[in-house]
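Take a look at the structure set out below.
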Number of protein chains: 2
Amino acid sequence: MQQQRMTIQFQAIATVHSPFQDRVGMPIQPTGAEGIQGTVEVLPEFAPGLQDLEGFSHLILIYHLHQIQNSQLTVVPFLDTETRGVFATRSPARPNPIGLSIVQLLRRDENILHIVNVDMLDGTPVLDIKPYIPDFDPRTEVKMGWVEQAKGQVVNRKSDDRFL
Amino acid sequence: MQQQRMTIQFQAIATVHSPFQDRVGMPIQPTGAEGIQGTVEVLPEFAPGLQDLEGFSHLILIYHLHQIQNSQLTVVPFLDTETRGVFATRSPARPNPIGLSIVQLLRRDENILHIVNVDMLDGTPVLDIKPYIPDFDPRTEVKMGWVEQAKGQVVNRKSDDRFL
């Protein structure tokens, strides 16, 4: 089988504004950020691409975890005490520091998206915005590996300094 | 509010092997690709990051839609006959051509992930692999905008040449 080694370039299309200035003490997923409001300020040149977005209650934001300097291939995740392969976790210290959050869209004012359940740092560069369509998700039974015993904790667990 | 204009670089960590050589006639989402098998071949240097992944039944793949040359800010999506803002669609012709698919993991052989429900082109460069954890998804009622009336069609609708 052939392999591909290549560099891929993207441009930020938007910036997150949130109450979180510090990587320590943040919610670790949107489910732990209930009620936290913020905005996504889309660069005006991309504003025409936002048409019809207001019909959706939830958005998928794909963003650059811009304060991650070092990646690790194995990590002790916030929800665990054991070392796991980084791709089996949502740890931010990934080879490509790409974040994914599903947030609720409150309203759109032209190029400003008002969102809630924000678990992103202030200033986070956004790469893509997609509508959240649960019908596109798997419907079969889902196994969640090591997360099974930890999943109830995600609402209250905050980030610490392990990935600084 | 301040804005950020920046270029962000990522490296492919893996390559998709799938039966799809041509962008026309493909399933448009994993829900339309039921039973289609493929593999994700992870570069050996990243293989230690795959530890524990086999405990999860479903993976989120974030990948480069590498055959997209032009982006459009408004598109007529495969599921619709009207023009929509590209960020309100899953169209591949996006400003940053980043794809997102949730696939089922059948098994892992070292750095090879055997997956099913593959809706990606053969040779697609993968940027990130995350475990799919439905508990991290929204639990409240979800509104799906223009997709509401079209959602039943996604299983059978195939791609055509509109984004070539």
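Each chain in the structure tokens gets a letter, A, B, ..., in the order shown, and its residues are numbered from 1; ligands are numbered from 1 in order too.
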Exercise. Where does DSSP see strand (DSSP E or B) in chain A, if you list the residues as an MDAnalysis selection string?
Worked result: chainID A and resid 7:11 14:17 27 37:42 56 58:64 74:75 84:85 98:109 112:116 125:131 144 158
Contacts of range 115-120 of chain B at 10 Å or less, counting only C-alpha atoms, minus same-chain residues fewer than 3 places along, as an mmCIF file with C-alpha atoms, in the first residue's frame?
```cif
data_model
loop_
_atom_site.group_PDB
_atom_site.id
_atom_site.type_symbol
_atom_site.label_atom_id
_atom_site.label_comp_id
_atom_site.auth_asym_id
_atom_site.auth_seq_id
_atom_site.Cartn_x
_atom_site.Cartn_y
_atom_site.Cartn_z
ATOM 1 C CA PRO A 138 -24.163 6.106 13.522
ATOM 2 C CA VAL B 16 -7.564 6.146 3.373
ATOM 3 C CA HIS B 17 -7.820 3.112 1.108
ATOM 4 C CA SER B 18 -11.338 2.758 -0.273
ATOM 5 C CA PRO B 19 -13.137 1.414 -3.360
ATOM 6 C CA PHE B 20 -13.877 4.974 -4.556
ATOM 7 C CA GLN B 21 -11.526 6.231 -7.265
ATOM 8 C CA ARG B 23 -15.661 11.686 -7.116
ATOM 9 C CA MET B 26 -19.969 8.181 -4.315
ATOM 10 C CA PRO B 27 -22.067 7.944 -1.166
ATOM 11 C CA ILE B 28 -22.412 11.451 0.240
ATOM 12 C CA GLN B 29 -22.240 10.468 3.923
ATOM 13 C CA PRO B 30 -21.283 7.353 5.930
ATOM 14 C CA THR B 31 -25.021 6.611 6.382
ATOM 15 C CA GLY B 32 -25.118 6.113 2.604
ATOM 16 C CA ALA B 33 -22.040 3.868 2.636
ATOM 17 C CA GLU B 34 -23.302 1.064 4.849
ATOM 18 C CA GLY B 35 -21.162 -2.034 4.449
ATOM 19 C CA ILE B 36 -18.482 -0.341 2.317
ATOM 20 C CA GLN B 37 -15.135 -1.437 3.746
ATOM 21 C CA GLY B 38 -11.795 0.261 3.624
ATOM 22 C CA THR B 39 -8.673 0.853 5.647
ATOM 23 C CA VAL B 40 -6.866 3.769 7.219
ATOM 24 C CA SER B 57 -16.673 0.910 17.871
ATOM 25 C CA HIS B 58 -16.722 4.206 15.948
ATOM 26 C CA LEU B 59 -14.090 6.762 14.972
ATOM 27 C CA LEU B 61 -11.977 10.869 10.865
ATOM 28 C CA TYR B 63 -9.424 14.546 6.553
ATOM 29 C CA LEU B 65 -10.799 16.718 0.739
ATOM 30 C CA GLY B 99 -14.016 16.423 5.666
ATOM 31 C CA LEU B 100 -15.537 14.741 8.707
ATOM 32 C CA SER B 101 -16.848 11.171 8.762
ATOM 33 C CA ILE B 102 -17.862 8.879 11.595
ATOM 34 C CA VAL B 103 -16.958 5.339 10.561
ATOM 35 C CA GLN B 104 -17.213 1.989 12.273
ATOM 36 C CA LEU B 105 -13.935 0.369 13.377
ATOM 37 C CA LEU B 106 -13.894 -3.364 12.648
ATOM 38 C CA ARG B 107 -10.394 -4.078 13.955
ATOM 39 C CA ARG B 108 -6.874 -2.727 14.196
ATOM 40 C CA ILE B 112 -3.878 -0.440 9.828
ATOM 41 C CA GLY B 123 -5.974 8.155 -1.227
ATOM 42 C CA THR B 124 -7.617 10.700 1.073
ATOM 43 C CA PRO B 125 -5.058 12.168 3.510
#
```
For this session: Could you give me, as JSON, numbers by chain, each residue of chain B that DSSP assigns to helix (DSSP H, G or I) when run on this structure's backbone?
Result: {"B": [30, 31, 32, 44, 45, 46, 47, 48, 49, 50, 53, 54, 55, 86, 87, 88, 134, 135, 136, 145, 146, 147, 151, 152, 153, 154, 155, 161, 162, 163]}
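Using only C-alpha atoms, the smallest distance between any of A:Val126, A:Leu121, A:Val86, A:Leu113 and chain B comes from A:Val86.
In this structure, CA of Val142 in chain B sits 12.6 Å away from CA of Ile60 in chain A.
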Exercise. So how many Å separate CA of Ser71 in chain A and CA of Phe87 in chain A, to one decimal?
Worked result: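 Going from CA of Ser71 in chain A over to CA of Phe87 in chain A covers 11.3 Å.
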Exercise. Between CA of Glu54 in chain A and CA of Thr89 in chain B, what is the spacing in Å?
Worked result: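 Result for CA of Thr89 in chain B versus CA of Glu54 in chain A: 11.9 Å, one decimal.
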Exercise. Counting only C-alpha atoms, which of A:Gln67, A:Thr15, A:Gln72, A:Asn156 gets nearest to Glu45 in chain B?
Worked result: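 With only C-alpha atoms as the atom set, the closest residue is A:Gln72.
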For this session: Find the residue from A:Ile62, A:Val75, A:Val42, A:Leu50 that sits nearest to chain B; use only C-alpha atoms when measuring.
Result: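 Using only C-alpha atoms, chain B sits closest to A:Leu50.
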Exercise. Leaving out Gly85 in chain B and any residue of its chain fewer than 3 positions from it, which residues lie within 9 Å of it when counting only C-alpha atoms, given as number ranges by chain?
Worked result: A: 47-53; B: 72-76, 88-89
Dump N, CA and C atoms for the selected residues as a short mmCIF file (atom, residue, chain, number, x, y, z; two decimals), in the first residue's frame?
```
data_model
loop_
_atom_site.label_atom_id
_atom_site.label_comp_id
_atom_site.auth_asym_id
_atom_site.auth_seq_id
_atom_site.Cartn_x
_atom_site.Cartn_y
_atom_site.Cartn_z
N ALA A 47 -18.63 35.72 4.87
CA ALA A 47 -19.99 35.86 5.39
C ALA A 47 -21.06 35.30 4.45
N PRO A 48 -20.92 35.42 3.12
CA PRO A 48 -21.98 34.85 2.27
C PRO A 48 -22.15 33.33 2.45
N GLY A 49 -21.13 32.67 2.95
CA GLY A 49 -21.23 31.23 3.19
C GLY A 49 -22.06 30.87 4.40
N LEU A 50 -22.49 31.87 5.17
CA LEU A 50 -23.26 31.63 6.40
C LEU A 50 -24.77 31.59 6.16
N GLN A 51 -25.18 31.97 4.95
CA GLN A 51 -26.60 31.97 4.61
C GLN A 51 -27.24 30.63 4.98
N ASP A 52 -28.40 30.64 5.58
CA ASP A 52 -29.18 29.44 5.95
C ASP A 52 -28.68 28.75 7.22
N LEU A 53 -27.54 29.19 7.76
CA LEU A 53 -27.00 28.54 8.95
C LEU A 53 -27.95 28.70 10.14
N GLN B 72 -16.55 27.37 -3.03
CA GLN B 72 -17.66 28.25 -3.36
C GLN B 72 -18.29 28.68 -2.04
N LEU B 73 -18.76 29.89 -1.97
CA LEU B 73 -19.42 30.33 -0.72
C LEU B 73 -20.90 29.97 -0.71
N THR B 74 -21.48 29.80 -1.88
CA THR B 74 -22.86 29.29 -1.93
C THR B 74 -22.88 28.11 -2.89
N VAL B 75 -23.65 27.10 -2.53
CA VAL B 75 -23.69 25.86 -3.30
C VAL B 75 -25.13 25.34 -3.37
N VAL B 76 -25.39 24.52 -4.37
CA VAL B 76 -26.62 23.72 -4.36
C VAL B 76 -26.21 22.34 -3.87
N ALA B 88 -23.68 26.07 5.76
CA ALA B 88 -24.94 25.44 6.16
C ALA B 88 -25.12 24.11 5.43
N THR B 89 -24.06 23.62 4.79
CA THR B 89 -24.11 22.35 4.06
C THR B 89 -22.87 21.52 4.40
#
```
Exercise. In terms of the shortest atom-to-atom distance over only C-alpha atoms, which of B:Met6, B:Ile98, B:Ile13, B:Asp22 is closest to His66 in chain B?
Worked result: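 The closest residue to His66 in chain B is B:Ile98.
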